[in-house]
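For reference, the structure is listed below as structure tokens.
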Amino acid sequence: MKILYLFCKISTVCCCASFCFSQEKPLELHIAITEAIENNFELATDKIQATLPEFGVSISESDFRWKLFPLLSANTNSDGQGIFTAEASVEKKFSPGTQFELRGIWNVRESGENGEEVTIQIEQPLFKDFGKLMSYQDIDQAKYQLFLAQLGLHRQTESLILQVVNSFTIALNQSDRVDLEMAALIRAADLVRLVEVKVRQGSATTVDLLEMKMLHQEAELRFRQAEESLVIARASLAELLGRVHEQLPPLASVELEPLDLPSLAESEKLAREHRPERKQALATYANARRQLSINERQLYPDVRLVGNYKPVSEGDGNEWFAGIQAGRNVDRFVLNVQAEQQAQQVEAALLQVASTELQINREVLQIHSRLKTLEKEMEIADAQLVLSKERLRLATGLYPSGRTDATQLSDAEKEWVAAQTQKTDVILQQVRARYEYWYVLGMLLKTPEPVIE
């Protein structure tokens with residue numbers, strides 16, 4: 001009666017769950033991934049953090065905008081006359097380092113002696129501060145930080161995709177396991193009733209009955225454990241999707257399409273082209289070389305061409321001035337040390353590039369080999385499934401006639417359950433391995449490209 005009651009309870013719960021879930025469309029894996037990218041709270045925080053370096057780029061680029069500086073003043077001199085002065089200057093910096101300034105001054109006095117003055121000044125650095133390398137150094141550094149932030153967000157997003165795939169397949173596995181364990185529990189109940197009949201007929205012993213009841217208890221325990229694991233797995237998946245677990249619909253099964261796996265050499269080539277870690281290492285190396293060039297420029301003499309033009313409205317002709325300014329830091333000890341230090345950083349960055357490429361090659365080899373191994377595991381799982389099914393069918397057919405004992409029947413039942421579980425595990429491992437393969441290649445998402453010119 002206890003077995004019959006438990007069977008009815010399980011059937012009722014499953015029917016109610018099936019009715020409730022049937023009202024909502026099953027959630028597919030690719031939709032779950034999209035939803036996680038859009039709604040995951042941790043990733044949303046990371047997206048905000050990744051945009052912060054954009055402000056640094058905007059601030060650095062503002063140095064090359066036209067700038068207006070107005071100034072108004074009113075004062076009194078020693079003669080007691082009031083003077084009102086209006087001053088305005090317009091400045092602009094250009095990519096070669098050229099500085100342009102237009103300054104205008106207007107004076108209004110109580111005595112009526114008013115005046116104005118306009119000055120145009122141009123300054124062009126040579127050698128030390130000439131060119132985009134020096135004038136754009138703040139912009140390049142800000143763009144470098146932005147690129148690193150984008151790469152970090154890219155990798156975090158890909159990691160989230162792997163987490164979703166892992167949680168989705170675990171939840172799907174547990175859901176299938178619940179179905180398998182429920183079927184196993186029903187079969188165990190049938191076997192208990194069968195052995196009870198044989199005991200009454202005298203063709204089975206009490207030990208056989210106890211063994212079948214133990215088999216039923218183990219099936220019941222596995223069923224309850226599978227239910228508990230399913231709840232936990234669905235809650236973990238719902239958290240990644242930014243949902244509460246009560247809102248998570250049933251999961252759609254994952255269909256494995258044939259995979260045209262690239263060769264190992266082709267996979268390594270793709271990984272070198274797309275892996276964010278390699279792009280980050282290369283960007284760090286380029287940034288270190290750029291900083292070294294800047295430090296070496298500090299050793300050059302500071303030479304500037306200076307031009308000044310002041311138009312005069314009355315009297316003599318316009319005033320102008322053109323000349324060269326030159327200076328140099330005589331104490332170059334600190335500059336030499338800084339350049340040497342930066343040269344060491346360039347060497348370290350180059351070594352990091354080599355280390356990253358070796359790491360990528362190893363990871364590609366591992367996942368490539370794993371996919372090949374899973375293909376063999378799938379073949380074995382298929383064969384084992386067929387074998388265990390036949391063994392259970394044979395044992396179930398022979399047991400009523402006494403041609404096999406209860407132990408062999410119990411072993412066949414356990415082997416059939418294990419074979420089904422193994423087949424499901426291998427399928428879902430293949431799903432995870434495929435996503436991990438594209439993750440290792442850096443091709444789950446489009447990788448950002450550096451924006452430094």
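Letters for chains follow the order of the structure tokens (A, B, ...), residue numbers begin at 1 for each chain, and ligand numbers begin at 1 in the order shown.
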### Query
If you count only C-alpha atoms, which residues fall within 9 Å of Phe94 of chain A, apart from same-chain ones fewer than 6 positions away, as number ranges by chain?
A: 64-65, 100, 135
Selected residues written out, C-alpha atoms, as a CSV table (one decimal), in the first residue's frame:
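Wrote result-v7.csv, looks like this:
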chain,number,residue,atom,x,y,z
A,64,PHE,CA,42.2,70.0,-28.9
A,65,ARG,CA,39.0,71.9,-28.9
A,100,PHE,CA,47.6,79.0,-31.4
A,135,SER,CA,50.6,65.8,-28.2
### Message
What parts of segment 119-333 of chain A does DSSP call helix (DSSP H, G or I)? I'd like the answer as a PyMOL selection string.
### Response
chain A and resi 132-135+137-201+206-240+245-247+264-274+276-297+333
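Excluding segment 386-388 of chain A itself and same-chain residues fewer than 3 positions from it, the residues having an atom within 6 Å of it are Ala383, Arg391, Glu415 and Trp416 of chain A, counting only C-alpha atoms.
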### Message
Env of Ala252 of chain A: 10 Å cut, atoms = only C-alpha atoms, seq-sep filter 2 positions within chain, self excluded. Answer as an MDAnalysis selection string.
### Response
chainID A and resid 25:29 168 172 249:250 254:255
Output file for the selection above: C-alpha atoms, as a tab-separated table (two decimals), in the first residue's frame:
chain	number	residue	atom	x	y	z
A	25	LYS	CA	6.89	28.02	-23.76
A	26	PRO	CA	10.04	26.05	-22.89
A	27	LEU	CA	13.18	28.13	-22.53
A	28	GLU	CA	15.82	27.36	-25.19
A	29	LEU	CA	19.53	27.62	-24.49
A	168	PHE	CA	21.35	25.17	-18.15
A	172	LEU	CA	18.39	19.93	-17.92
A	249	PRO	CA	9.88	28.20	-17.34
A	250	PRO	CA	10.64	24.57	-18.23
A	254	VAL	CA	19.38	20.82	-26.55
A	255	GLU	CA	19.76	19.37	-30.02
### Nearby residues (only C-alpha atoms) at most 9 Å from Leu191 of chain A, same-chain spacing under 4 positions excluded, as a list in words
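So, after excluding close chain neighbours, the residues are Ile186, Arg187, Val195, Glu196, Met212, Lys213, His216, Thr396, Leu409 and Ser410 of chain A.
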Kindly export the residues of the current selection with C-alpha atoms, as a CSV table (one decimal), in the first residue's frame.
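Produced file again-v4.csv, reproduced below:
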chain,number,residue,atom,x,y,z
A,186,ILE,CA,8.0,2.6,-10.8
A,187,ARG,CA,9.9,-0.4,-12.1
A,195,VAL,CA,8.9,-10.9,-5.7
A,196,GLU,CA,6.0,-10.8,-3.2
A,212,MET,CA,14.0,-5.8,-3.9
A,213,LYS,CA,12.7,-3.6,-1.1
A,216,HIS,CA,13.0,0.3,-4.1
A,396,THR,CA,13.0,-9.4,-16.4
A,409,LEU,CA,17.7,-8.7,-11.7
A,410,SER,CA,18.6,-5.9,-9.3
Using only C-alpha atoms, find each residue of segment 117-197 of chain A with at least one atom at most 12 Å away from an atom of segment 326-341 of chain A; report its shortest atom-to-atom pair and that distance in Å (one decimal), sort the rows by chain and rising residue number, and return the result as CSV.
residue,atom,partner,partner_atom,distance
A:Gln124,CA,A:Ala326,CA,11.8
A:Pro125,CA,A:Ala326,CA,9.7
A:Leu126,CA,A:Ala326,CA,9.5
A:Phe127,CA,A:Ala326,CA,10.5
A:Lys128,CA,A:Arg328,CA,9.7
Put those residues in a file: N, CA and C atoms, as a short mmCIF file (atom, residue, chain, number, x, y, z; two decimals), in the first residue's frame.
data_model
loop_
_atom_site.label_atom_id
_atom_site.label_comp_id
_atom_site.auth_asym_id
_atom_site.auth_seq_id
_atom_site.Cartn_x
_atom_site.Cartn_y
_atom_site.Cartn_z
N GLN A 124 55.28 76.54 -32.14
CA GLN A 124 55.43 75.19 -32.70
C GLN A 124 56.65 74.50 -32.10
N PRO A 125 56.42 73.45 -31.29
CA PRO A 125 57.58 72.73 -30.73
C PRO A 125 58.27 71.86 -31.78
N LEU A 126 59.56 71.71 -31.61
CA LEU A 126 60.36 70.85 -32.48
C LEU A 126 61.08 69.80 -31.62
N PHE A 127 61.47 68.71 -32.24
CA PHE A 127 62.27 67.66 -31.60
C PHE A 127 61.52 67.02 -30.41
N LYS A 128 61.60 67.60 -29.25
CA LYS A 128 61.11 66.97 -28.03
C LYS A 128 59.60 66.78 -28.04
#
### Query
Just asking: which residues within segment 195-325 of chain A are strand (DSSP E or B) according to DSSP, as a PyMOL selection string?
chain A and resi 251+302-310+319-325
### Query
Do you know which residues are at most 10 Å from Gln247 of chain A counting only C-alpha atoms, after dropping those on the same chain fewer than 4 positions away, and could you put them as a list in words?
Ala235, Ala238 and Arg243 of chain A
Keeping N, CA and C atoms, export the residues of the selection given above as a PDB file, in the first residue's frame.
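Generated file (result_11.pdb):
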ATOM      1  N   ALA A 235      17.391  27.207  -9.633  1.00  0.00           N
ATOM      2  CA  ALA A 235      17.592  28.468  -8.916  1.00  0.00           C
ATOM      3  C   ALA A 235      18.891  29.131  -9.350  1.00  0.00           C
ATOM      4  N   ALA A 238      18.295  30.590 -12.799  1.00  0.00           N
ATOM      5  CA  ALA A 238      17.431  31.765 -12.721  1.00  0.00           C
ATOM      6  C   ALA A 238      18.209  32.987 -12.231  1.00  0.00           C
ATOM      7  N   ARG A 243      16.398  36.404 -12.831  1.00  0.00           N
ATOM      8  CA  ARG A 243      15.029  36.049 -12.445  1.00  0.00           C
ATOM      9  C   ARG A 243      15.034  35.412 -11.062  1.00  0.00           C
TER      10      ARG A 243
END
### Query
Which one is closest to Ala433 of chain A: A:Thr421, A:Thr98, A:Thr373, A:Ser236? Count only C-alpha atoms.
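Between A:Thr421, A:Thr98, A:Thr373, A:Ser236, the residue approaching Ala433 of chain A most closely is A:Thr373.
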### Task
Can you pull out every residue within 9 Å of Leu256 of chain A, counting only C-alpha atoms, but drop anything in the same chain fewer than 6 positions away, and send it as a count of residues only?
3
### Query
Which one of A:Leu160, A:Leu264, A:Ala419, A:Ala36 sits closest to Arg177 of chain A if you count only C-alpha atoms?
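Checking each candidate against Arg177 of chain A, we get A:Ala419 as the closest.
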### Distance in Å - atom CA of Leu248 of chain A versus atom CA of Leu428 of chain A
19.9 Å
### Shortest interatomic distance to Phe84 of chain A - which of A:Asn107, A:Gln137, A:Ser167, A:Asn361, counting only C-alpha atoms
A:Asn107
### Option closest in space to Asp302 of chain A, from A:Ile367, A:Ile324, A:Ala88, A:Val353 [counting only C-alpha atoms]
A:Ile324
### Message
Using only C-alpha atoms for the distances, tell me which of A:Arg393, A:Lys414, A:Lys47, A:Lys446 is nearest to Glu218 of chain A.
### Response
A:Lys414
### Message
What's the separation between atom CA of Tyr136 of chain A and atom CA of Gln121 of chain A, in Å to one decimal place?
### Response
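The value is 21.8 Å.
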